[in-house]
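Read the structure below first, then the notes.
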Amino acid sequence: MKSNYKVPNDTVVGHIHLKVTDLERALKFYRDLLGFKVTTMYGDQAAFLSAGGYHHQIGLNTWHSKNGSPAPQRAAGLYHTAFLYPTRKDLAEIVKRLIDNEYPITGASDHGVSEAIYLNDPDGNGVELYRDRPKEEWSYKEDGSIVMVTDPLDLSDLLNELN
């Protein structure tokens, strides 16, 4: 199906909603480690979390997944959720928090347009924590498309933001 329809420019991704196998374990990750605030609980079956007072950016539920197996790595489905931090210092702070809590980081990349940290939540769902570089620093090809790369991210340099 091809069409001339274009999504409106001001459209944003409103929230993610994840099936989890253990709600309390997922809350320890998203609430206690990453720092999102619980805005609503549906008993012991679902939770909604937010940053900055929005009704929710993250939904977690066990409606079809309680005590199930983790998300399969080699199957169709969600690759990762991505949380955009407002500043490089904010990204450095969450990275330090992960390191201090000995939470495994699975990757760290410089994409030219952004700097990103990768990890998995307790159910094996991929999570990206990143910050965008200012658009003035982005590079473009002759055809106008954005140049994106996957180079190693210097975590020591990132953590220097905290000094």
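Scheme for the structure tokens: letters A, B, ... for chains in order shown; per-chain residue numbers from 1; ligand numbers from 1 in order shown.
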Step one, run DSSP on the backbone; step two, keep only residues of region 55-140 of chain A assigned to helix (DSSP H, G or I); then write them as a JSON list (two decimals) with N, CA and C atoms, in the first residue's frame.
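Output below, filename states30.json:
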```json
[["chain", "number", "residue", "atom", "x", "y", "z"],
["A", 88, "ARG", "N", 23.98, 15.91, 28.08],
["A", 88, "ARG", "CA", 25.07, 14.93, 28.19],
["A", 88, "ARG", "C", 25.33, 14.60, 29.66],
["A", 89, "LYS", "N", 25.26, 15.60, 30.52],
["A", 89, "LYS", "CA", 25.46, 15.38, 31.95],
["A", 89, "LYS", "C", 24.39, 14.44, 32.50],
["A", 90, "ASP", "N", 23.14, 14.60, 32.08],
["A", 90, "ASP", "CA", 22.07, 13.70, 32.52],
["A", 90, "ASP", "C", 22.37, 12.26, 32.10],
["A", 91, "LEU", "N", 22.86, 12.08, 30.88],
["A", 91, "LEU", "CA", 23.23, 10.74, 30.43],
["A", 91, "LEU", "C", 24.38, 10.20, 31.27],
["A", 92, "ALA", "N", 25.36, 11.04, 31.56],
["A", 92, "ALA", "CA", 26.49, 10.61, 32.40],
["A", 92, "ALA", "C", 26.01, 10.18, 33.79],
["A", 93, "GLU", "N", 25.04, 10.89, 34.34],
["A", 93, "GLU", "CA", 24.53, 10.55, 35.67],
["A", 93, "GLU", "C", 23.87, 9.18, 35.70],
["A", 94, "ILE", "N", 23.08, 8.85, 34.68],
["A", 94, "ILE", "CA", 22.43, 7.54, 34.68],
["A", 94, "ILE", "C", 23.47, 6.44, 34.42],
["A", 95, "VAL", "N", 24.49, 6.72, 33.60],
["A", 95, "VAL", "CA", 25.54, 5.73, 33.38],
["A", 95, "VAL", "C", 26.28, 5.45, 34.68],
["A", 96, "LYS", "N", 26.61, 6.50, 35.42],
["A", 96, "LYS", "CA", 27.27, 6.30, 36.72],
["A", 96, "LYS", "C", 26.38, 5.50, 37.65],
["A", 97, "ARG", "N", 25.10, 5.77, 37.64],
["A", 97, "ARG", "CA", 24.15, 5.01, 38.48],
["A", 97, "ARG", "C", 24.15, 3.53, 38.11],
["A", 98, "LEU", "N", 24.16, 3.23, 36.81],
["A", 98, "LEU", "CA", 24.23, 1.84, 36.37],
["A", 98, "LEU", "C", 25.52, 1.18, 36.85],
["A", 99, "ILE", "N", 26.63, 1.88, 36.68],
["A", 99, "ILE", "CA", 27.93, 1.34, 37.09],
["A", 99, "ILE", "C", 27.97, 1.13, 38.61],
["A", 100, "ASP", "N", 27.51, 2.13, 39.36],
["A", 100, "ASP", "CA", 27.51, 2.04, 40.83],
["A", 100, "ASP", "C", 26.64, 0.88, 41.32],
["A", 135, "LYS", "N", 21.62, 19.70, 16.58],
["A", 135, "LYS", "CA", 21.50, 19.47, 15.13],
["A", 135, "LYS", "C", 22.60, 20.16, 14.34],
["A", 136, "GLU", "N", 23.14, 21.25, 14.87],
["A", 136, "GLU", "CA", 24.23, 21.95, 14.16],
["A", 136, "GLU", "C", 25.47, 21.07, 14.05],
["A", 137, "GLU", "N", 25.59, 20.06, 14.88],
["A", 137, "GLU", "CA", 26.76, 19.18, 14.86],
["A", 137, "GLU", "C", 26.55, 17.94, 13.98]]
```
Handout entry: Selection: 9 Å around region 48-60 of chain A, only C-alpha atoms, excl. self and same-chain fewer than 3 positions, as a PyMOL selection string
Key = chain A and resi 13-20+23+26-27+30-31+35-42+45
Handout entry: Backbone-only DSSP, strand (DSSP E or B) members of region 45-75 of chain A, as a list in words
Key =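 Here are the strand (DSSP E or B) residues of region 45-75 of chain A: Ala46, Ala47, Phe48, Leu49, Ser50, Ile58, Gly59, Leu60 and Asn61 of chain A.
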Practice task
Would you please work out which residue, of A:Pro70, A:Asp110, A:Ala75, A:Asp22, is nearest to Asp157 (chain A) when using only C-alpha atoms?
Solution key: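 Smallest separation from Asp157 (chain A) among the options: A:Asp110.
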Handout entry: Point-to-point distance in Å for CA of Glu115 (chain A) and CA of Asp154 (chain A)
Key = 9.5 Å
Problem - Long-range neighbours of Ile117 (chain A) as JSON, numbers by chain, 12 Å cut-off, only C-alpha atoms, 3 positions minimum in chain - result: {"A": [80, 81, 82, 83, 84, 85, 88, 91, 92, 93, 94, 95, 96, 98, 99, 104, 105, 106, 107, 108, 109, 110, 111, 114, 120, 126, 127, 128, 129, 130, 131, 150, 152, 153, 154, 155, 158]}
Problem - One-decimal distance in Å that lies between CA of Glu24 (chain A) and CA of Ala46 (chain A) - result: 9.7 Å
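CA of Gly124 (chain A) lies 7.5 Å from CA of Pro72 (chain A).
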